[in-house]
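Next comes run.pdb, with PDB, C-alpha atoms, pLDDT in the B column.
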```pdb
MODEL        1
ATOM      1  CA  MET A   1       9.163  -9.241  16.420  1.00 63.00           C
ATOM      2  CA  SER A   2      10.323  -5.808  15.339  1.00 79.00           C
ATOM      3  CA  ARG A   3      13.920  -4.769  15.947  1.00 91.00           C
ATOM      4  CA  TYR A   4      12.579  -1.568  17.498  1.00 93.00           C
ATOM      5  CA  PRO A   5       9.969  -1.859  20.228  1.00 90.00           C
ATOM      6  CA  ALA A   6       6.738  -0.016  19.540  1.00 91.00           C
ATOM      7  CA  PRO A   7       5.957   2.795  21.952  1.00 94.00           C
ATOM      8  CA  ASP A   8       3.139   2.481  24.437  1.00 94.00           C
ATOM      9  CA  LEU A   9      -0.080   3.799  22.926  1.00 95.00           C
ATOM     10  CA  ASN A  10      -0.797   5.856  26.028  1.00 95.00           C
ATOM     11  CA  GLN A  11       2.572   7.606  25.783  1.00 95.00           C
ATOM     12  CA  LEU A  12       1.993   8.905  22.248  1.00 97.00           C
ATOM     13  CA  PRO A  13       1.265  12.555  21.468  1.00 97.00           C
ATOM     14  CA  ASP A  14      -2.485  13.208  21.533  1.00 97.00           C
ATOM     15  CA  ASP A  15      -2.864  13.711  17.762  1.00 98.00           C
ATOM     16  CA  ILE A  16      -1.094  10.442  16.939  1.00 98.00           C
ATOM     17  CA  LYS A  17      -2.934   8.509  19.636  1.00 97.00           C
ATOM     18  CA  ALA A  18      -6.276   9.807  18.317  1.00 97.00           C
ATOM     19  CA  LYS A  19      -5.432   8.723  14.755  1.00 97.00           C
ATOM     20  CA  VAL A  20      -4.255   5.275  15.913  1.00 97.00           C
ATOM     21  CA  LEU A  21      -7.460   4.774  17.907  1.00 97.00           C
ATOM     22  CA  GLU A  22      -9.505   5.894  14.891  1.00 97.00           C
ATOM     23  CA  VAL A  23      -7.762   3.280  12.746  1.00 96.00           C
ATOM     24  CA  GLN A  24      -8.301   0.644  15.450  1.00 97.00           C
ATOM     25  CA  GLU A  25     -12.011   1.475  15.581  1.00 97.00           C
ATOM     26  CA  LYS A  26     -12.349   1.117  11.806  1.00 94.00           C
ATOM     27  CA  ALA A  27     -10.136  -1.958  11.321  1.00 94.00           C
ATOM     28  CA  GLY A  28     -10.783  -3.764  14.593  1.00 94.00           C
ATOM     29  CA  PHE A  29      -7.049  -3.844  15.363  1.00 96.00           C
ATOM     30  CA  ILE A  30      -4.022  -1.539  15.229  1.00 97.00           C
ATOM     31  CA  PRO A  31      -1.880  -2.225  12.156  1.00 97.00           C
ATOM     32  CA  ASN A  32       1.704  -2.600  13.341  1.00 96.00           C
ATOM     33  CA  VAL A  33       2.971   0.185  11.083  1.00 97.00           C
ATOM     34  CA  PHE A  34       1.005   2.775  13.067  1.00 97.00           C
ATOM     35  CA  LEU A  35       2.756   1.951  16.330  1.00 96.00           C
ATOM     36  CA  SER A  36       6.143   1.040  14.875  1.00 95.00           C
ATOM     37  CA  LEU A  37       6.594   4.389  13.174  1.00 96.00           C
ATOM     38  CA  ALA A  38       5.163   6.331  16.128  1.00 97.00           C
ATOM     39  CA  ARG A  39       8.506   6.020  17.925  1.00 95.00           C
ATOM     40  CA  ARG A  40       9.411   9.134  15.921  1.00 96.00           C
ATOM     41  CA  PRO A  41       6.351  11.411  16.025  1.00 97.00           C
ATOM     42  CA  ALA A  42       7.533  14.043  13.505  1.00 98.00           C
ATOM     43  CA  GLU A  43       8.376  11.340  10.965  1.00 97.00           C
ATOM     44  CA  TRP A  44       5.074   9.541  11.695  1.00 98.00           C
ATOM     45  CA  ARG A  45       3.134  12.710  10.902  1.00 98.00           C
ATOM     46  CA  ALA A  46       5.066  13.325   7.675  1.00 98.00           C
ATOM     47  CA  PHE A  47       4.789   9.680   6.590  1.00 98.00           C
ATOM     48  CA  PHE A  48       1.045   9.427   7.103  1.00 98.00           C
ATOM     49  CA  ALA A  49       0.364  12.879   5.638  1.00 98.00           C
ATOM     50  CA  TYR A  50       2.071  11.816   2.403  1.00 98.00           C
ATOM     51  CA  HIS A  51       0.481   8.355   2.557  1.00 98.00           C
ATOM     52  CA  ASP A  52      -2.981   9.882   2.841  1.00 97.00           C
ATOM     53  CA  ALA A  53      -2.268  12.450   0.102  1.00 97.00           C
ATOM     54  CA  LEU A  54      -1.400   9.619  -2.284  1.00 97.00           C
ATOM     55  CA  MET A  55      -3.756   6.855  -1.238  1.00 97.00           C
ATOM     56  CA  LEU A  56      -6.926   8.722  -0.237  1.00 95.00           C
ATOM     57  CA  LYS A  57      -7.079  11.392  -2.933  1.00 93.00           C
ATOM     58  CA  GLU A  58     -10.335  11.701  -4.791  1.00 90.00           C
ATOM     59  CA  ASP A  59      -9.202  13.211  -8.096  1.00 91.00           C
ATOM     60  CA  GLY A  60      -7.574  11.365 -10.971  1.00 90.00           C
ATOM     61  CA  SER A  61      -8.624   8.141 -12.634  1.00 94.00           C
ATOM     62  CA  LEU A  62      -6.838   5.681 -10.352  1.00 97.00           C
ATOM     63  CA  THR A  63      -9.241   3.741  -8.154  1.00 97.00           C
ATOM     64  CA  LYS A  64      -8.385   2.881  -4.565  1.00 97.00           C
ATOM     65  CA  GLY A  65      -8.007  -0.732  -5.691  1.00 97.00           C
ATOM     66  CA  GLU A  66      -5.547   0.263  -8.414  1.00 98.00           C
ATOM     67  CA  ARG A  67      -3.512   2.262  -5.908  1.00 98.00           C
ATOM     68  CA  GLU A  68      -3.327  -0.827  -3.687  1.00 98.00           C
ATOM     69  CA  MET A  69      -2.431  -2.930  -6.742  1.00 98.00           C
ATOM     70  CA  ILE A  70       0.602  -0.684  -7.322  1.00 98.00           C
ATOM     71  CA  VAL A  71       1.634  -1.033  -3.671  1.00 98.00           C
ATOM     72  CA  THR A  72       1.219  -4.817  -3.609  1.00 98.00           C
ATOM     73  CA  THR A  73       3.038  -5.413  -6.891  1.00 98.00           C
ATOM     74  CA  THR A  74       6.002  -3.138  -6.222  1.00 98.00           C
ATOM     75  CA  SER A  75       6.259  -4.223  -2.582  1.00 98.00           C
ATOM     76  CA  ALA A  76       6.569  -7.812  -3.795  1.00 98.00           C
ATOM     77  CA  ALA A  77       9.394  -6.733  -6.118  1.00 98.00           C
ATOM     78  CA  ASN A  78      11.047  -5.109  -3.085  1.00 98.00           C
ATOM     79  CA  GLN A  79      10.410  -8.285  -1.038  1.00 98.00           C
ATOM     80  CA  CYS A  80       8.553  -6.412   1.701  1.00 98.00           C
ATOM     81  CA  LEU A  81       6.502  -8.941   3.638  1.00 97.00           C
ATOM     82  CA  TYR A  82       4.636  -6.336   5.686  1.00 97.00           C
ATOM     83  CA  CYS A  83       3.410  -4.284   2.731  1.00 98.00           C
ATOM     84  CA  VAL A  84       2.547  -7.244   0.504  1.00 98.00           C
ATOM     85  CA  VAL A  85       0.415  -8.797   3.239  1.00 97.00           C
ATOM     86  CA  ALA A  86      -1.163  -5.590   4.579  1.00 97.00           C
ATOM     87  CA  HIS A  87      -1.827  -3.874   1.260  1.00 97.00           C
ATOM     88  CA  GLY A  88      -2.740  -7.165  -0.381  1.00 97.00           C
ATOM     89  CA  ALA A  89      -5.513  -7.464   2.204  1.00 97.00           C
ATOM     90  CA  ILE A  90      -6.775  -3.976   1.405  1.00 97.00           C
ATOM     91  CA  LEU A  91      -6.539  -4.743  -2.323  1.00 97.00           C
ATOM     92  CA  ARG A  92      -8.693  -7.862  -1.919  1.00 96.00           C
ATOM     93  CA  ILE A  93     -11.325  -5.817  -0.126  1.00 95.00           C
ATOM     94  CA  TYR A  94     -11.396  -2.938  -2.627  1.00 96.00           C
ATOM     95  CA  GLU A  95     -11.432  -5.198  -5.677  1.00 95.00           C
ATOM     96  CA  LYS A  96     -13.738  -7.806  -4.082  1.00 93.00           C
ATOM     97  CA  LYS A  97     -11.484 -10.506  -5.518  1.00 93.00           C
ATOM     98  CA  PRO A  98      -9.930 -12.890  -2.979  1.00 91.00           C
ATOM     99  CA  LEU A  99      -7.184 -14.037  -5.394  1.00 94.00           C
ATOM    100  CA  VAL A 100      -6.043 -10.761  -6.923  1.00 95.00           C
ATOM    101  CA  ALA A 101      -3.445  -9.785  -4.319  1.00 95.00           C
ATOM    102  CA  ASP A 102      -1.662 -13.123  -4.561  1.00 96.00           C
ATOM    103  CA  GLN A 103      -1.775 -12.940  -8.340  1.00 97.00           C
ATOM    104  CA  VAL A 104      -0.281  -9.456  -8.646  1.00 97.00           C
ATOM    105  CA  ALA A 105       2.295 -10.123  -5.946  1.00 96.00           C
ATOM    106  CA  VAL A 106       3.577 -13.228  -7.733  1.00 97.00           C
ATOM    107  CA  ASN A 107       3.146 -12.248 -11.390  1.00 98.00           C
ATOM    108  CA  TYR A 108       0.845  -9.370 -12.306  1.00 98.00           C
ATOM    109  CA  ARG A 109       1.264 -10.210 -16.005  1.00 97.00           C
ATOM    110  CA  LYS A 110      -0.805 -13.379 -15.443  1.00 97.00           C
ATOM    111  CA  ALA A 111      -3.230 -11.846 -12.941  1.00 97.00           C
ATOM    112  CA  ASP A 112      -6.953 -11.479 -13.497  1.00 96.00           C
ATOM    113  CA  ILE A 113      -6.718  -7.726 -14.104  1.00 97.00           C
ATOM    114  CA  THR A 114      -7.474  -5.438 -17.052  1.00 97.00           C
ATOM    115  CA  LEU A 115      -5.039  -4.483 -19.815  1.00 98.00           C
ATOM    116  CA  ARG A 116      -5.180  -0.941 -18.434  1.00 98.00           C
ATOM    117  CA  GLN A 117      -4.083  -2.192 -15.014  1.00 98.00           C
ATOM    118  CA  LYS A 118      -1.285  -4.263 -16.594  1.00 98.00           C
ATOM    119  CA  ALA A 119       0.003  -1.160 -18.390  1.00 98.00           C
ATOM    120  CA  MET A 120      -0.150   0.746 -15.093  1.00 98.00           C
ATOM    121  CA  LEU A 121       1.813  -1.992 -13.323  1.00 98.00           C
ATOM    122  CA  ASP A 122       4.347  -2.263 -16.163  1.00 98.00           C
ATOM    123  CA  PHE A 123       5.120   1.406 -15.604  1.00 98.00           C
ATOM    124  CA  ALA A 124       5.104   1.092 -11.799  1.00 98.00           C
ATOM    125  CA  MET A 125       7.582  -1.789 -12.010  1.00 98.00           C
ATOM    126  CA  LYS A 126       9.846   0.236 -14.284  1.00 98.00           C
ATOM    127  CA  VAL A 127       9.794   3.094 -11.773  1.00 98.00           C
ATOM    128  CA  CYS A 128      10.386   0.570  -8.965  1.00 98.00           C
ATOM    129  CA  LEU A 129      13.307  -1.278 -10.542  1.00 98.00           C
ATOM    130  CA  ARG A 130      14.700   0.949 -13.286  1.00 98.00           C
ATOM    131  CA  SER A 131      13.504   4.517 -12.775  1.00 98.00           C
ATOM    132  CA  HIS A 132      16.666   5.805 -14.431  1.00 98.00           C
ATOM    133  CA  GLU A 133      15.394   4.253 -17.689  1.00 98.00           C
ATOM    134  CA  VAL A 134      12.011   6.031 -17.726  1.00 98.00           C
ATOM    135  CA  ASN A 135      11.746   8.170 -20.866  1.00 98.00           C
ATOM    136  CA  ASP A 136       9.187   9.859 -23.107  1.00 98.00           C
ATOM    137  CA  ASP A 137       8.364   6.538 -24.802  1.00 98.00           C
ATOM    138  CA  ASP A 138       6.807   5.287 -21.546  1.00 98.00           C
ATOM    139  CA  PHE A 139       3.990   7.843 -21.633  1.00 98.00           C
ATOM    140  CA  PRO A 140       2.001   7.136 -24.874  1.00 98.00           C
ATOM    141  CA  PRO A 141       1.028   3.571 -23.853  1.00 97.00           C
ATOM    142  CA  LEU A 142      -0.336   4.935 -20.572  1.00 98.00           C
ATOM    143  CA  HIS A 143      -2.160   7.770 -22.336  1.00 98.00           C
ATOM    144  CA  ALA A 144      -3.699   5.162 -24.679  1.00 98.00           C
ATOM    145  CA  HIS A 145      -5.243   3.488 -21.626  1.00 98.00           C
ATOM    146  CA  GLY A 146      -6.740   6.760 -20.416  1.00 97.00           C
ATOM    147  CA  PHE A 147      -4.117   7.781 -17.879  1.00 98.00           C
ATOM    148  CA  SER A 148      -3.451  11.510 -17.677  1.00 97.00           C
ATOM    149  CA  ASP A 149      -0.029  12.946 -16.916  1.00 97.00           C
ATOM    150  CA  GLU A 150      -1.268  13.539 -13.350  1.00 97.00           C
ATOM    151  CA  ASP A 151      -2.311   9.876 -13.080  1.00 98.00           C
ATOM    152  CA  ILE A 152       1.162   8.883 -14.249  1.00 98.00           C
ATOM    153  CA  TRP A 153       2.661  11.114 -11.567  1.00 98.00           C
ATOM    154  CA  ASP A 154       0.453   9.300  -9.027  1.00 98.00           C
ATOM    155  CA  ILE A 155       1.637   5.881 -10.231  1.00 98.00           C
ATOM    156  CA  ALA A 156       5.268   6.965  -9.886  1.00 98.00           C
ATOM    157  CA  SER A 157       4.718   8.697  -6.533  1.00 98.00           C
ATOM    158  CA  ILE A 158       2.928   5.704  -5.008  1.00 98.00           C
ATOM    159  CA  THR A 159       5.718   3.439  -6.231  1.00 98.00           C
ATOM    160  CA  ALA A 160       8.423   5.723  -4.842  1.00 98.00           C
ATOM    161  CA  PHE A 161       6.697   6.319  -1.503  1.00 98.00           C
ATOM    162  CA  PHE A 162       6.203   2.629  -0.898  1.00 98.00           C
ATOM    163  CA  GLY A 163       9.817   1.991  -1.857  1.00 98.00           C
ATOM    164  CA  LEU A 164      10.604   4.044   1.257  1.00 98.00           C
ATOM    165  CA  SER A 165       7.947   2.243   3.274  1.00 98.00           C
ATOM    166  CA  ASN A 166       9.193  -1.182   2.110  1.00 98.00           C
ATOM    167  CA  ARG A 167      12.711  -0.398   3.240  1.00 98.00           C
ATOM    168  CA  LEU A 168      11.604   0.892   6.649  1.00 97.00           C
ATOM    169  CA  ALA A 169       9.438  -2.178   7.225  1.00 97.00           C
ATOM    170  CA  SER A 170      12.123  -4.606   6.073  1.00 97.00           C
ATOM    171  CA  PHE A 171      15.099  -3.190   7.956  1.00 96.00           C
ATOM    172  CA  SER A 172      13.086  -2.878  11.167  1.00 96.00           C
ATOM    173  CA  ASN A 173      11.655  -6.400  10.771  1.00 96.00           C
ATOM    174  CA  MET A 174       8.100  -5.078  10.986  1.00 96.00           C
ATOM    175  CA  GLN A 175       5.710  -8.021  10.824  1.00 96.00           C
ATOM    176  CA  PRO A 176       2.193  -7.972   9.424  1.00 96.00           C
ATOM    177  CA  ASN A 177      -0.625  -8.354  11.916  1.00 95.00           C
ATOM    178  CA  PRO A 178      -2.208 -11.823  11.797  1.00 93.00           C
ATOM    179  CA  GLU A 179      -5.564 -10.197  10.969  1.00 95.00           C
ATOM    180  CA  PHE A 180      -4.278  -9.106   7.555  1.00 95.00           C
ATOM    181  CA  PHE A 181      -3.793 -12.668   6.324  1.00 93.00           C
ATOM    182  CA  LEU A 182      -7.519 -13.476   6.219  1.00 91.00           C
ATOM    183  CA  MET A 183      -8.929 -10.050   5.340  1.00 90.00           C
ATOM    184  CA  GLY A 184     -10.806 -10.152   2.061  1.00 90.00           C
ATOM    185  CA  ARG A 185     -10.334 -13.930   1.748  1.00 87.00           C
ATOM    186  CA  VAL A 186     -13.162 -15.110   3.984  1.00 74.00           C
ATOM    187  CA  PRO A 187     -16.442 -13.390   4.822  1.00 69.00           C
ATOM    188  CA  LYS A 188     -16.204 -11.070   7.796  1.00 68.00           C
ATOM    189  CA  VAL A 189     -18.050 -12.525  10.780  1.00 67.00           C
ATOM    190  CA  LYS A 190     -20.327 -10.024  12.448  1.00 69.00           C
ATOM    191  CA  PRO A 191     -20.639 -10.260  16.235  1.00 68.00           C
ATOM    192  CA  ALA A 192     -23.865 -11.769  17.553  1.00 71.00           C
ATOM    193  CA  GLN A 193     -26.410  -9.224  18.683  1.00 68.00           C
TER     194      GLN A 193
ENDMDL
END
```
Please lay out the structure from this file as C-alpha cells.
Amino acid sequence: MSRYPAPDLNQLPDDIKAKVLEVQEKAGFIPNVFLSLARRPAEWRAFFAYHDALMLKEDGSLTKGEREMIVTTTSAANQCLYCVVAHGAILRIYEKKPLVADQVAVNYRKADITLRQKAMLDFAMKVCLRSHEVNDDDFPPLHAHGFSDEDIWDIASITAFFGLSNRLASFSNMQPNPEFFLMGRVPKVKPAQ
C-alpha cells in the first residue's frame, strides 16, 4: 500500500538486514517502517541512529512510556496514521493501559494521565504546532513538574524528530502493520508447547 515498494529483505546491506531480523525476532513481525525506509540505506542508518538516541536513552526523567506518549500525541496532531497506530501500540504496552493511546491521540487533556504528563504534552504540542512561539515562560511550568532542561530538550527533540517521521510516513502512504492494532489491547497469546 506504500507509494514506494519496500526492498527485498535479502537484498539489504548486512547491517540493516541484521537489525531488521532482530526487530522481527523481538516483535514477531517486521514493522513496515523498517523495510520502507531501507530503500535508502544511508538515510535508514541515520534515521534509526537518531531514533534510538532519543527513544532508548537511559538518562533523564522521561520514561519510555512518556516518550511514546509524546510521539502518539504529536503524531495525531500531524495526522500520521502509521505513527499513531504503531507508537500507540508501544505506549499501551509500556504504560500497561489499553485505553491510554486512544485517549492521548484524541485529546490528551482528558486522558487518564498525570498532571506532569499533561504539562509535558502541552509543551510537546506547542513545539509541534507553534515552535516559533516557544519562549522562556514555557520552562518554569515544566521545571515545577520536575523536568530538567535536558528533559525539556528531549521533549522537543522527540517532537521534532517524529514530525519528520510523520511526514515521511504520510507522503509515502506507509501503512501500519495489522499486528499493531491489537498490541497492548488484548493479552498476548503464547504458542502451545
Q. What is the distance, in Å and to one decimal place, between CA of Leu164 in chain A and CA of Asp14 in chain A?
A.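 Atom-to-atom, CA of Leu164 in chain A to CA of Asp14 in chain A, that is 25.8 Å.
Nearest to Val84 in chain A of all the residues A:Gln24, A:Asn107, A:Gln117, A:Thr72 is A:Thr72, counting only C-alpha atoms.
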Q: Go ahead and compute the interatomic distance for CA of Met174 in chain A and CA of Ser2 in chain A, in Å to one decimal.
A: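 According to the coordinates, CA of Met174 in chain A and CA of Ser2 in chain A are separated by 4.9 Å.
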Q. For the point (-0.9, -6.0, 0.5) in file coordinates, what residues are within 12 Å, counting all atoms listed in the file? Give the answer as a PyMOL selection string?
A. chain A and resi 65-76+79-94+98-106+162+166+176-177+180-184
**Q.** Straight-line distance linking CA of Ala192 in chain A with CA of Ile30 in chain A, stated in Å to one decimal
**A.**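 Distance between the two atoms: 22.4 Å.
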Output of the PyMOL selection byres ((chain A and resi 158) around 9), listed as an mmCIF file with C-alpha atoms, keeping the file's coordinate frame:
```cif
data_model
loop_
_atom_site.group_PDB
_atom_site.id
_atom_site.type_symbol
_atom_site.label_atom_id
_atom_site.label_comp_id
_atom_site.auth_asym_id
_atom_site.auth_seq_id
_atom_site.Cartn_x
_atom_site.Cartn_y
_atom_site.Cartn_z
ATOM 1 C CA HIS A 51 0.481 8.355 2.557
ATOM 2 C CA LEU A 54 -1.400 9.619 -2.284
ATOM 3 C CA MET A 55 -3.756 6.855 -1.238
ATOM 4 C CA ARG A 67 -3.512 2.262 -5.908
ATOM 5 C CA ILE A 70 0.602 -0.684 -7.322
ATOM 6 C CA VAL A 71 1.634 -1.033 -3.671
ATOM 7 C CA ALA A 124 5.104 1.092 -11.799
ATOM 8 C CA TRP A 153 2.661 11.114 -11.567
ATOM 9 C CA ASP A 154 0.453 9.300 -9.027
ATOM 10 C CA ILE A 155 1.637 5.881 -10.231
ATOM 11 C CA ALA A 156 5.268 6.965 -9.886
ATOM 12 C CA SER A 157 4.718 8.697 -6.533
ATOM 13 C CA THR A 159 5.718 3.439 -6.231
ATOM 14 C CA ALA A 160 8.423 5.723 -4.842
ATOM 15 C CA PHE A 161 6.697 6.319 -1.503
ATOM 16 C CA PHE A 162 6.203 2.629 -0.898
ATOM 17 C CA GLY A 163 9.817 1.991 -1.857
#
```
Q | Output check: residues returned by the PyMOL selection byres ((chain A and resi 19) around 12), as a list in words | A |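 When the PyMOL selection byres ((chain A and resi 19) around 12) is applied to the shown file, the picked residues are Leu9, Leu12, Pro13, Asp14, Asp15, Ile16, Lys17, Ala18, Val20, Leu21, Glu22, Val23, Gln24, Glu25, Lys26, Ile30, Pro31, Phe34, Leu35, Ala38, Trp44, Arg45, Phe48 and Ala49 of chain A.
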